[in-house]
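One structure is given here, and the rest of the page talks about it.
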Protein chains: 2
Amino acid sequence: MNRGLLFVLSGPSGVGKGTVCASLRTKMPELIYSVSATTRTPREGEKDGVNYFFKSREQFQDMIQGDALLEYAEYVGNYYGTPRDFVEKTLSEGKDIILEIEVQGALKVKEKFPDGVFIFLMPPSLNELASRLGGRGTETQATIDHRLSVARDEINLLYHYDYAVVNDQIDLACKRIDAIMTAEHCKRQRFLHELCNELDAISTAENV
Amino acid sequence: MNRGLLFVLSGPSGVGKGTVCASLRTKMPELIYSVSATTRTPREGEKDGVNYFFKSREQFQDMIQGDALLEYAEYVGNYYGTPRDFVEKTLSEGKDIILEIEVQGALKVKEKFPDGVFIFLMPPSLNELASRLGGRGTETQATIDHRLSVARDEINLLYHYDYAVVNDQIDLACKRIDAIMTAEHCKRQRFLHELCNELDAISTAENV
């Protein structure tokens, strides 16, 4: 059986990663979503293994030391991280998995999982970027320069990604992500691997 | 303006390239199809520049010598080839173009146009390949070995392609090709180029 593919959806804060992912969930119910581990207390209705894997601080630190996390970070006194075994198990079952994560986390995942497909969700459009940056007329040059520099930093991040998806409309962004998933499964090297195994099996069977 | 992309659809003879392309034409009317040049006589109803660019033998030979063809071949005494300028013009207008071509021609196009996106249309399924090769029970071992060797040759061709699309159902094959086209437009390097130009333009405008 072929392994599934890991898709990592990331992008600057405020770009709409969560909204796009929520929409993908309804459009692609067969897709598996990576479940994070956390040390924070479960909120009402949250289920272990569904919303999060809830861990004690000690358990989480053991995971860190055992290299059981693809990435982790601490926010407001709580750990959050991506358990490696859930991702690995899903992929080995031949299923795709998607991980929605902020930019720093995505870069860490890439170190441990270079075979992942990294998708950068982009601000709505270049025109909008331009108008955000310079078009309001009320900002000082220093503010504009700062925004320009932030935009350059964001764009530089793109180098680490395979794809950029503009989030101009949620449905369009989802369609593009869906297309990327389909296309990645059509990549030649994945077929070669499968076909060579198949032909070897035929040759062997015939020579018995 | 961004350049369009050249998509090359190829694959072994009999795999259904023509049928898939005809279906793509109805599903994606905005896509431009490469028009071949030929020295053969126009058939009734065929239009110059639509079905083919009809050329005299001298004109065609001038095109060969002027490197005006991405590839060409001679069949049954007539030349057929892909004019470079039609492809270049379409791309420079920011439009995508698709070229349906047999395998040897595709390899020649790749030499001249390595930036093209090369899609290999595959026989329906690995199971079917297996049954075609060995399952009929009436063939001699020599016949089976020959088929196996042909299949290996076809599969080896895959190394030259970016994608493999299984032609199990025409609609599915078209959907995959459509997805590949969308995904290729989302490739990070295409955005980087565009974004850097855009930001440079903003910086320049602001510093005036």
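Note on naming: chains are A, B, ... as they come in the structure tokens, residues start from 1 per chain, ligands start from 1 in the order shown.
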Q: For stretch 30-36 of chain A, please output as number ranges by chain all residues within 7 Å (counting only C-alpha atoms; exclusion window: fewer than 5 positions along the same chain).
A: A: 49-53, 80-83, 87, 96-99
Output all heavy atoms of each residue in that selection to a file, as a short mmCIF file (atom, residue, chain, number, x, y, z; two decimals), in the first residue's frame.
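The result, written out as again.cif:
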```
data_model
loop_
_atom_site.label_atom_id
_atom_site.label_comp_id
_atom_site.auth_asym_id
_atom_site.auth_seq_id
_atom_site.Cartn_x
_atom_site.Cartn_y
_atom_site.Cartn_z
N GLY A 49 -8.10 13.23 22.14
CA GLY A 49 -7.90 12.49 20.89
C GLY A 49 -8.72 13.05 19.73
O GLY A 49 -8.52 12.67 18.59
N VAL A 50 -9.64 13.95 20.04
CA VAL A 50 -10.44 14.58 18.98
C VAL A 50 -10.02 16.04 18.84
O VAL A 50 -9.49 16.46 17.81
CB VAL A 50 -11.96 14.47 19.28
CG1 VAL A 50 -12.77 15.21 18.21
CG2 VAL A 50 -12.36 13.01 19.35
N ASN A 51 -10.25 16.82 19.91
CA ASN A 51 -9.85 18.23 19.86
C ASN A 51 -8.34 18.37 20.12
O ASN A 51 -7.65 19.11 19.43
CB ASN A 51 -10.63 19.03 20.88
CG ASN A 51 -12.12 18.86 20.69
OD1 ASN A 51 -12.72 17.97 21.26
ND2 ASN A 51 -12.71 19.69 19.83
N TYR A 52 -7.90 17.67 21.12
CA TYR A 52 -6.48 17.64 21.49
C TYR A 52 -6.17 16.28 22.11
O TYR A 52 -7.08 15.56 22.53
CB TYR A 52 -6.16 18.71 22.55
CG TYR A 52 -6.09 20.12 22.02
CD1 TYR A 52 -7.20 20.96 22.11
CD2 TYR A 52 -4.92 20.62 21.45
CE1 TYR A 52 -7.14 22.26 21.64
CE2 TYR A 52 -4.86 21.92 20.98
CZ TYR A 52 -5.97 22.73 21.06
OH TYR A 52 -5.91 24.01 20.59
N PHE A 53 -4.88 15.96 22.17
CA PHE A 53 -4.44 14.93 23.11
C PHE A 53 -4.05 15.68 24.38
O PHE A 53 -3.07 16.45 24.36
CB PHE A 53 -3.23 14.16 22.55
CG PHE A 53 -3.57 13.34 21.33
CD1 PHE A 53 -3.09 13.70 20.08
CD2 PHE A 53 -4.33 12.18 21.44
CE1 PHE A 53 -3.39 12.94 18.95
CE2 PHE A 53 -4.64 11.42 20.31
CZ PHE A 53 -4.17 11.80 19.07
N TYR A 80 1.99 23.26 23.56
CA TYR A 80 1.20 22.77 22.42
C TYR A 80 2.18 22.11 21.46
O TYR A 80 3.28 22.65 21.25
CB TYR A 80 0.50 23.92 21.69
CG TYR A 80 -0.54 24.63 22.51
CD1 TYR A 80 -0.18 25.61 23.43
CD2 TYR A 80 -1.88 24.31 22.38
CE1 TYR A 80 -1.14 26.26 24.20
CE2 TYR A 80 -2.86 24.95 23.13
CZ TYR A 80 -2.47 25.93 24.05
OH TYR A 80 -3.42 26.56 24.80
N GLY A 81 1.81 20.99 20.88
CA GLY A 81 2.75 20.34 19.97
C GLY A 81 2.05 19.36 19.05
O GLY A 81 0.87 19.06 19.20
N THR A 82 2.80 18.86 18.05
CA THR A 82 2.26 17.92 17.06
C THR A 82 2.86 16.54 17.29
O THR A 82 4.05 16.33 17.02
CB THR A 82 2.60 18.38 15.63
OG1 THR A 82 2.11 19.71 15.45
CG2 THR A 82 1.98 17.47 14.59
N PRO A 83 2.07 15.59 17.81
CA PRO A 83 2.60 14.24 18.05
C PRO A 83 2.97 13.56 16.75
O PRO A 83 2.19 13.53 15.80
CB PRO A 83 1.43 13.51 18.72
CG PRO A 83 0.50 14.58 19.18
CD PRO A 83 0.67 15.71 18.21
N VAL A 87 0.65 11.27 13.17
CA VAL A 87 0.94 11.56 11.76
C VAL A 87 1.46 10.30 11.07
O VAL A 87 0.97 9.90 10.00
CB VAL A 87 1.96 12.72 11.65
CG1 VAL A 87 2.43 12.89 10.21
CG2 VAL A 87 1.36 14.02 12.17
N ASP A 96 -4.04 10.47 3.72
CA ASP A 96 -3.43 11.81 3.80
C ASP A 96 -3.79 12.46 5.13
O ASP A 96 -4.85 12.20 5.69
CB ASP A 96 -3.96 12.70 2.67
CG ASP A 96 -3.49 12.23 1.31
OD1 ASP A 96 -2.54 11.41 1.26
OD2 ASP A 96 -4.06 12.68 0.30
N ILE A 97 -2.91 13.33 5.58
CA ILE A 97 -3.17 14.08 6.80
C ILE A 97 -2.80 15.53 6.58
O ILE A 97 -1.83 15.83 5.87
CB ILE A 97 -2.43 13.45 8.01
CG1 ILE A 97 -2.81 14.14 9.32
CG2 ILE A 97 -0.93 13.46 7.82
CD1 ILE A 97 -2.39 13.35 10.57
N ILE A 98 -3.60 16.44 7.16
CA ILE A 98 -3.29 17.86 7.02
C ILE A 98 -3.05 18.45 8.40
O ILE A 98 -3.71 18.09 9.38
CB ILE A 98 -4.39 18.62 6.25
CG1 ILE A 98 -3.95 20.06 5.95
CG2 ILE A 98 -5.72 18.61 6.98
CD1 ILE A 98 -4.78 20.77 4.91
N LEU A 99 -2.07 19.33 8.43
CA LEU A 99 -1.66 19.97 9.67
C LEU A 99 -1.75 21.47 9.45
O LEU A 99 -1.11 22.01 8.55
CB LEU A 99 -0.20 19.53 9.95
CG LEU A 99 0.60 20.19 11.05
CD1 LEU A 99 -0.10 20.07 12.39
CD2 LEU A 99 1.97 19.54 11.13
#
```
Q: With a distance cut-off of 7 Å and only C-alpha atoms, select the neighbouring residues of stretch 150-162 of chain B, excluding the residue or stretch itself and same-chain residues fewer than 4 positions from it, and output the selection as a PyMOL selection string.
A: (chain A and resi 187-188) or (chain B and resi 12+117-120+146)
How would the residues just chosen look if you wrote them out with N, CA, C and O atoms as a compact mmCIF listing (two decimals), in the first residue's frame?
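Output saved as out.txt:
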```txt
# COMPACT_ATOMS: atom_id res chain seq x y z
N LYS A 187 2.23 12.99 -8.91
CA LYS A 187 3.66 13.20 -9.16
C LYS A 187 4.31 11.90 -9.63
O LYS A 187 4.10 10.84 -9.08
N ARG A 188 5.09 12.06 -10.64
CA ARG A 188 5.70 10.91 -11.31
C ARG A 188 6.45 9.95 -10.36
O ARG A 188 6.30 8.75 -10.45
N PRO B 12 1.78 6.45 -23.96
CA PRO B 12 1.89 5.40 -24.96
C PRO B 12 0.72 5.43 -25.94
O PRO B 12 -0.36 5.88 -25.59
N VAL B 117 5.37 21.69 -18.36
CA VAL B 117 4.88 20.72 -17.37
C VAL B 117 4.48 19.47 -18.14
O VAL B 117 3.56 19.52 -18.96
N PHE B 118 5.19 18.38 -17.88
CA PHE B 118 5.04 17.18 -18.70
C PHE B 118 4.18 16.14 -17.98
O PHE B 118 4.52 15.67 -16.90
N ILE B 119 3.05 15.81 -18.63
CA ILE B 119 2.07 14.89 -18.03
C ILE B 119 2.00 13.62 -18.86
O ILE B 119 1.79 13.68 -20.07
N PHE B 120 2.17 12.51 -18.20
CA PHE B 120 2.16 11.20 -18.86
C PHE B 120 0.83 10.52 -18.59
O PHE B 120 0.47 10.28 -17.44
N HIS B 146 7.73 -10.19 -23.93
CA HIS B 146 7.79 -9.03 -24.82
C HIS B 146 6.92 -7.90 -24.26
O HIS B 146 7.36 -6.75 -24.17
```
Q: Between A:Asp171, A:Glu46, A:Glu71, A:Glu198, single out the one closest to chain B, counting only C-alpha atoms.
A: A:Glu198
Q: Could you list, as a list in words, the residues of chain B having an atom within 6 Å of chain A when counting only C-alpha atoms?
A: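 The contacting residues on chain B are Asp162, Tyr163, Ala164, Val165, Ala179, Ile180, Ala183, Cys186, Lys187 and Arg188 of chain B.
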Hey, can you spit out that residue selection with N, CA, C and O atoms as a compact mmCIF listing (two decimals), in the first residue's frame?
```txt
# COMPACT_ATOMS: atom_id res chain seq x y z
N ASP B 162 6.75 15.04 -15.34
CA ASP B 162 6.51 15.57 -14.00
C ASP B 162 5.37 14.85 -13.30
O ASP B 162 5.39 14.66 -12.09
N TYR B 163 4.38 14.46 -14.08
CA TYR B 163 3.18 13.85 -13.50
C TYR B 163 2.77 12.63 -14.31
O TYR B 163 3.03 12.55 -15.52
N ALA B 164 2.08 11.73 -13.64
CA ALA B 164 1.44 10.59 -14.30
C ALA B 164 -0.04 10.64 -13.98
O ALA B 164 -0.42 10.78 -12.82
N VAL B 165 -0.86 10.58 -15.01
CA VAL B 165 -2.31 10.61 -14.82
C VAL B 165 -2.87 9.30 -15.36
O VAL B 165 -2.68 8.97 -16.53
N ALA B 179 -6.50 19.65 -12.04
CA ALA B 179 -5.88 19.86 -10.72
C ALA B 179 -4.40 20.17 -10.88
O ALA B 179 -3.86 21.06 -10.21
N ILE B 180 -3.73 19.45 -11.77
CA ILE B 180 -2.29 19.68 -12.01
C ILE B 180 -2.08 21.11 -12.51
O ILE B 180 -1.16 21.81 -12.08
N ALA B 183 -2.58 23.45 -9.56
CA ALA B 183 -1.47 23.33 -8.61
C ALA B 183 -0.20 23.98 -9.16
O ALA B 183 0.53 24.66 -8.43
N CYS B 186 0.01 27.44 -8.52
CA CYS B 186 0.22 27.76 -7.09
C CYS B 186 1.67 27.50 -6.67
O CYS B 186 2.02 27.71 -5.51
N LYS B 187 2.52 27.02 -7.57
CA LYS B 187 3.90 26.72 -7.18
C LYS B 187 4.56 27.98 -6.63
O LYS B 187 4.48 29.05 -7.21
N ARG B 188 5.22 27.78 -5.52
CA ARG B 188 5.84 28.90 -4.81
C ARG B 188 6.71 29.80 -5.68
O ARG B 188 6.63 31.03 -5.60
```
Q: To one decimal in Å, tell me the separation between atom CA of A:Gly116 and atom CA of A:Pro29.
A: 20.4 Å
Q: Kindly give the distance, in Å, that separates atom CA of B:Ile101 and atom CA of B:Leu6, rounded to a single decimal.
A: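 Answer for the atom CA of B:Ile101 to atom CA of B:Leu6 separation: 12.7 Å.
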(Q) Can you pull out every residue from stretch 20-149 of chain A that DSSP, working from the backbone, puts in strand (DSSP E or B), and format the result as a ChimeraX atom specification? (A) /A:32-33,36-38,48,52-54,69-75,78-83,97-100,117-122
DSSP on the backbone, then: every residue of chain B marked alpha helix (DSSP H), written as a short mmCIF file (atom, residue, chain, number, x, y, z; two decimals) with N, CA and C atoms, in the first residue's frame.
```
data_model
loop_
_atom_site.label_atom_id
_atom_site.label_comp_id
_atom_site.auth_asym_id
_atom_site.auth_seq_id
_atom_site.Cartn_x
_atom_site.Cartn_y
_atom_site.Cartn_z
N LYS B 17 -5.01 9.57 -25.39
CA LYS B 17 -4.64 11.00 -25.35
C LYS B 17 -5.66 11.86 -26.07
N GLY B 18 -6.04 11.41 -27.28
CA GLY B 18 -6.95 12.20 -28.11
C GLY B 18 -8.31 12.36 -27.45
N THR B 19 -8.83 11.27 -26.89
CA THR B 19 -10.14 11.30 -26.25
C THR B 19 -10.11 12.22 -25.03
N VAL B 20 -9.06 12.10 -24.23
CA VAL B 20 -8.94 12.95 -23.04
C VAL B 20 -8.85 14.41 -23.46
N CYS B 21 -8.06 14.68 -24.49
CA CYS B 21 -7.89 16.06 -24.95
C CYS B 21 -9.21 16.62 -25.48
N ALA B 22 -9.96 15.81 -26.20
CA ALA B 22 -11.26 16.26 -26.72
C ALA B 22 -12.20 16.60 -25.57
N SER B 23 -12.15 15.80 -24.52
CA SER B 23 -12.99 16.06 -23.36
C SER B 23 -12.53 17.32 -22.62
N LEU B 24 -11.22 17.50 -22.52
CA LEU B 24 -10.67 18.72 -21.90
C LEU B 24 -11.15 19.97 -22.65
N ARG B 25 -11.19 19.86 -23.96
CA ARG B 25 -11.62 21.01 -24.78
C ARG B 25 -13.01 21.47 -24.41
N THR B 26 -13.90 20.51 -24.13
CA THR B 26 -15.27 20.91 -23.78
C THR B 26 -15.33 21.41 -22.34
N LYS B 27 -14.49 20.82 -21.46
CA LYS B 27 -14.52 21.21 -20.04
C LYS B 27 -13.76 22.50 -19.78
N ARG B 57 6.20 21.92 -48.50
CA ARG B 57 7.39 21.21 -48.05
C ARG B 57 8.57 22.17 -47.88
N GLU B 58 8.66 23.16 -48.77
CA GLU B 58 9.76 24.13 -48.68
C GLU B 58 9.62 24.98 -47.42
N GLN B 59 8.38 25.45 -47.19
CA GLN B 59 8.13 26.26 -45.98
C GLN B 59 8.49 25.47 -44.72
N PHE B 60 8.09 24.19 -44.72
CA PHE B 60 8.35 23.36 -43.54
C PHE B 60 9.85 23.18 -43.32
N GLN B 61 10.55 22.94 -44.44
CA GLN B 61 12.00 22.75 -44.30
C GLN B 61 12.70 24.03 -43.83
N ASP B 62 12.17 25.18 -44.27
CA ASP B 62 12.70 26.45 -43.76
C ASP B 62 12.49 26.56 -42.25
N MET B 63 11.31 26.11 -41.79
CA MET B 63 11.01 26.16 -40.35
C MET B 63 11.98 25.26 -39.58
N ILE B 64 12.26 24.07 -40.15
CA ILE B 64 13.21 23.17 -39.49
C ILE B 64 14.57 23.85 -39.37
N GLN B 65 15.01 24.43 -40.50
CA GLN B 65 16.35 25.03 -40.48
C GLN B 65 16.42 26.28 -39.62
N ARG B 84 7.06 26.81 -32.83
CA ARG B 84 7.47 27.44 -31.59
C ARG B 84 6.76 28.78 -31.37
N ASP B 85 6.55 29.56 -32.44
CA ASP B 85 6.05 30.93 -32.24
C ASP B 85 4.61 30.97 -31.72
N PHE B 86 3.80 29.99 -32.12
CA PHE B 86 2.41 29.94 -31.61
C PHE B 86 2.42 29.69 -30.10
N VAL B 87 3.29 28.77 -29.68
CA VAL B 87 3.41 28.46 -28.25
C VAL B 87 3.92 29.70 -27.50
N GLU B 88 4.99 30.29 -28.01
CA GLU B 88 5.61 31.45 -27.34
C GLU B 88 4.63 32.62 -27.23
N LYS B 89 3.91 32.87 -28.31
CA LYS B 89 2.97 33.99 -28.33
C LYS B 89 1.89 33.79 -27.27
N THR B 90 1.34 32.57 -27.21
CA THR B 90 0.30 32.27 -26.24
C THR B 90 0.81 32.48 -24.82
N LEU B 91 2.00 31.95 -24.53
CA LEU B 91 2.56 32.06 -23.18
C LEU B 91 2.82 33.52 -22.81
N SER B 92 3.32 34.29 -23.78
CA SER B 92 3.66 35.69 -23.46
C SER B 92 2.40 36.52 -23.26
N VAL B 103 5.08 10.17 -27.55
CA VAL B 103 6.17 10.17 -26.58
C VAL B 103 7.49 10.73 -27.13
N GLN B 104 7.86 10.32 -28.33
CA GLN B 104 9.15 10.80 -28.87
C GLN B 104 9.12 12.31 -29.06
N GLY B 105 7.99 12.82 -29.56
CA GLY B 105 7.84 14.26 -29.74
C GLY B 105 7.93 15.00 -28.42
N ALA B 106 7.32 14.44 -27.38
CA ALA B 106 7.34 15.08 -26.07
C ALA B 106 8.78 15.23 -25.56
N LEU B 107 9.58 14.20 -25.77
CA LEU B 107 10.97 14.27 -25.31
C LEU B 107 11.74 15.37 -26.04
N LYS B 108 11.43 15.53 -27.34
CA LYS B 108 12.10 16.60 -28.10
C LYS B 108 11.64 17.97 -27.60
N VAL B 109 10.33 18.11 -27.31
CA VAL B 109 9.83 19.38 -26.79
C VAL B 109 10.53 19.70 -25.46
N LYS B 110 10.75 18.66 -24.66
CA LYS B 110 11.37 18.90 -23.35
C LYS B 110 12.78 19.47 -23.50
N GLU B 111 13.50 18.99 -24.51
CA GLU B 111 14.86 19.53 -24.75
C GLU B 111 14.81 21.04 -24.99
N LYS B 112 13.82 21.46 -25.78
CA LYS B 112 13.75 22.88 -26.15
C LYS B 112 12.97 23.69 -25.12
N LEU B 126 -2.98 -0.40 -12.69
CA LEU B 126 -1.91 -1.39 -12.56
C LEU B 126 -2.46 -2.80 -12.68
N ASN B 127 -3.65 -3.00 -12.12
CA ASN B 127 -4.27 -4.31 -12.24
C ASN B 127 -4.50 -4.67 -13.70
N GLU B 128 -4.97 -3.66 -14.44
CA GLU B 128 -5.23 -3.91 -15.85
C GLU B 128 -3.92 -4.18 -16.59
N LEU B 129 -2.89 -3.43 -16.22
CA LEU B 129 -1.58 -3.67 -16.81
C LEU B 129 -1.18 -5.11 -16.55
N ALA B 130 -1.37 -5.53 -15.31
CA ALA B 130 -1.02 -6.90 -14.93
C ALA B 130 -1.82 -7.90 -15.76
N SER B 131 -3.12 -7.65 -15.94
CA SER B 131 -3.94 -8.62 -16.67
C SER B 131 -3.61 -8.57 -18.16
N ARG B 132 -3.32 -7.37 -18.67
CA ARG B 132 -2.89 -7.26 -20.07
C ARG B 132 -1.63 -8.07 -20.28
N LEU B 133 -0.76 -8.04 -19.30
CA LEU B 133 0.55 -8.66 -19.48
C LEU B 133 0.51 -10.16 -19.32
N GLY B 134 -0.21 -10.60 -18.31
CA GLY B 134 -0.07 -12.02 -17.99
C GLY B 134 -1.36 -12.79 -17.88
N GLN B 141 5.10 -17.66 -23.37
CA GLN B 141 5.97 -16.94 -22.44
C GLN B 141 6.71 -15.83 -23.18
N ALA B 142 7.07 -16.10 -24.45
CA ALA B 142 7.81 -15.09 -25.22
C ALA B 142 6.95 -13.84 -25.41
N THR B 143 5.66 -14.04 -25.68
CA THR B 143 4.76 -12.90 -25.86
C THR B 143 4.64 -12.10 -24.57
N ILE B 144 4.48 -12.83 -23.47
CA ILE B 144 4.36 -12.15 -22.17
C ILE B 144 5.63 -11.37 -21.87
N ASP B 145 6.78 -12.01 -22.10
CA ASP B 145 8.04 -11.34 -21.84
C ASP B 145 8.18 -10.08 -22.69
N HIS B 146 7.73 -10.19 -23.93
CA HIS B 146 7.79 -9.03 -24.82
C HIS B 146 6.92 -7.90 -24.26
N ARG B 147 5.69 -8.21 -23.84
CA ARG B 147 4.79 -7.19 -23.30
C ARG B 147 5.38 -6.55 -22.04
N LEU B 148 5.98 -7.41 -21.24
CA LEU B 148 6.59 -6.92 -20.00
C LEU B 148 7.70 -5.94 -20.32
N SER B 149 8.44 -6.28 -21.35
CA SER B 149 9.57 -5.42 -21.72
C SER B 149 9.05 -4.09 -22.30
N VAL B 150 7.96 -4.17 -23.09
CA VAL B 150 7.35 -2.94 -23.61
C VAL B 150 6.86 -2.08 -22.44
N ALA B 151 6.19 -2.73 -21.48
CA ALA B 151 5.68 -2.00 -20.32
C ALA B 151 6.82 -1.33 -19.56
N ARG B 152 7.93 -2.07 -19.39
CA ARG B 152 9.09 -1.48 -18.71
C ARG B 152 9.61 -0.25 -19.45
N ASP B 153 9.64 -0.36 -20.78
CA ASP B 153 10.11 0.78 -21.58
C ASP B 153 9.20 1.98 -21.37
N GLU B 154 7.89 1.72 -21.40
CA GLU B 154 6.93 2.82 -21.20
C GLU B 154 7.14 3.46 -19.84
N ILE B 155 7.29 2.60 -18.83
CA ILE B 155 7.43 3.11 -17.47
C ILE B 155 8.73 3.89 -17.34
N ASN B 156 9.78 3.41 -18.03
CA ASN B 156 11.04 4.16 -17.98
C ASN B 156 10.89 5.57 -18.54
N LEU B 157 9.96 5.71 -19.50
CA LEU B 157 9.72 7.04 -20.06
C LEU B 157 9.22 8.01 -19.00
N ILE B 170 -12.37 8.86 -18.24
CA ILE B 170 -12.00 10.11 -18.91
C ILE B 170 -12.26 11.32 -18.01
N ASP B 171 -13.42 11.34 -17.34
CA ASP B 171 -13.74 12.48 -16.48
C ASP B 171 -12.74 12.63 -15.33
N LEU B 172 -12.36 11.49 -14.76
CA LEU B 172 -11.38 11.53 -13.67
C LEU B 172 -10.03 12.00 -14.19
N ALA B 173 -9.63 11.50 -15.34
CA ALA B 173 -8.34 11.90 -15.92
C ALA B 173 -8.34 13.41 -16.17
N CYS B 174 -9.45 13.93 -16.70
CA CYS B 174 -9.55 15.37 -16.96
C CYS B 174 -9.47 16.17 -15.66
N LYS B 175 -10.14 15.67 -14.64
CA LYS B 175 -10.12 16.33 -13.33
C LYS B 175 -8.70 16.40 -12.78
N ARG B 176 -7.96 15.30 -12.96
CA ARG B 176 -6.57 15.28 -12.46
C ARG B 176 -5.72 16.27 -13.24
N ILE B 177 -5.93 16.33 -14.54
CA ILE B 177 -5.14 17.27 -15.36
C ILE B 177 -5.49 18.70 -14.97
N ASP B 178 -6.77 18.97 -14.76
CA ASP B 178 -7.22 20.28 -14.29
C ASP B 178 -6.54 20.62 -12.96
N ALA B 179 -6.50 19.65 -12.04
CA ALA B 179 -5.88 19.86 -10.72
C ALA B 179 -4.40 20.17 -10.88
N ILE B 180 -3.73 19.45 -11.77
CA ILE B 180 -2.29 19.68 -12.01
C ILE B 180 -2.08 21.11 -12.51
N MET B 181 -2.95 21.56 -13.39
CA MET B 181 -2.82 22.92 -13.93
C MET B 181 -3.00 23.95 -12.81
N THR B 182 -4.01 23.75 -11.98
CA THR B 182 -4.23 24.68 -10.85
C THR B 182 -3.03 24.66 -9.90
N ALA B 183 -2.58 23.45 -9.56
CA ALA B 183 -1.47 23.33 -8.61
C ALA B 183 -0.20 23.98 -9.16
N GLU B 184 0.05 23.79 -10.46
CA GLU B 184 1.26 24.37 -11.05
C GLU B 184 1.25 25.90 -10.95
N HIS B 185 0.05 26.47 -11.05
CA HIS B 185 -0.04 27.92 -10.90
C HIS B 185 0.17 28.37 -9.45
N ARG B 188 5.22 27.78 -5.52
CA ARG B 188 5.84 28.90 -4.81
C ARG B 188 6.71 29.80 -5.68
N GLN B 189 7.54 29.21 -6.53
CA GLN B 189 8.50 30.05 -7.26
C GLN B 189 7.82 31.04 -8.21
N ARG B 190 6.61 30.66 -8.68
CA ARG B 190 5.91 31.59 -9.57
C ARG B 190 5.43 32.82 -8.79
N PHE B 191 4.99 32.59 -7.55
CA PHE B 191 4.54 33.70 -6.71
C PHE B 191 5.69 34.60 -6.30
N LEU B 192 6.81 33.96 -5.97
CA LEU B 192 7.96 34.75 -5.52
C LEU B 192 8.35 35.78 -6.57
N HIS B 193 8.41 35.32 -7.78
CA HIS B 193 8.80 36.19 -8.89
C HIS B 193 7.84 37.39 -8.97
N GLU B 194 6.54 37.08 -8.95
CA GLU B 194 5.51 38.10 -9.08
C GLU B 194 5.54 39.07 -7.89
N LEU B 195 5.63 38.51 -6.68
CA LEU B 195 5.59 39.31 -5.47
C LEU B 195 6.78 40.26 -5.36
N CYS B 196 7.94 39.75 -5.73
CA CYS B 196 9.14 40.59 -5.62
C CYS B 196 9.03 41.78 -6.58
N ASN B 197 8.53 41.53 -7.78
CA ASN B 197 8.32 42.63 -8.72
C ASN B 197 7.34 43.65 -8.14
N GLU B 198 6.26 43.15 -7.56
CA GLU B 198 5.21 44.01 -7.00
C GLU B 198 5.77 44.89 -5.87
N LEU B 199 6.52 44.26 -4.97
CA LEU B 199 7.06 45.01 -3.84
C LEU B 199 8.08 46.04 -4.31
N ASP B 200 8.87 45.67 -5.29
CA ASP B 200 9.84 46.62 -5.83
C ASP B 200 9.11 47.84 -6.40
N ALA B 201 7.99 47.57 -7.09
CA ALA B 201 7.21 48.66 -7.68
C ALA B 201 6.68 49.58 -6.59
N ILE B 202 6.19 48.99 -5.49
CA ILE B 202 5.66 49.80 -4.39
C ILE B 202 6.79 50.64 -3.77
N SER B 203 7.93 49.98 -3.51
CA SER B 203 9.05 50.71 -2.90
C SER B 203 9.46 51.88 -3.77
N THR B 204 9.55 51.63 -5.06
CA THR B 204 9.98 52.67 -5.99
C THR B 204 8.98 53.82 -5.98
N ALA B 205 7.68 53.47 -6.07
CA ALA B 205 6.64 54.49 -6.10
C ALA B 205 6.69 55.36 -4.85
N GLU B 206 6.94 54.71 -3.70
CA GLU B 206 6.93 55.46 -2.45
C GLU B 206 8.15 56.35 -2.26
N ASN B 207 9.23 55.93 -2.89
CA ASN B 207 10.44 56.71 -2.72
C ASN B 207 10.57 57.85 -3.72
#
```
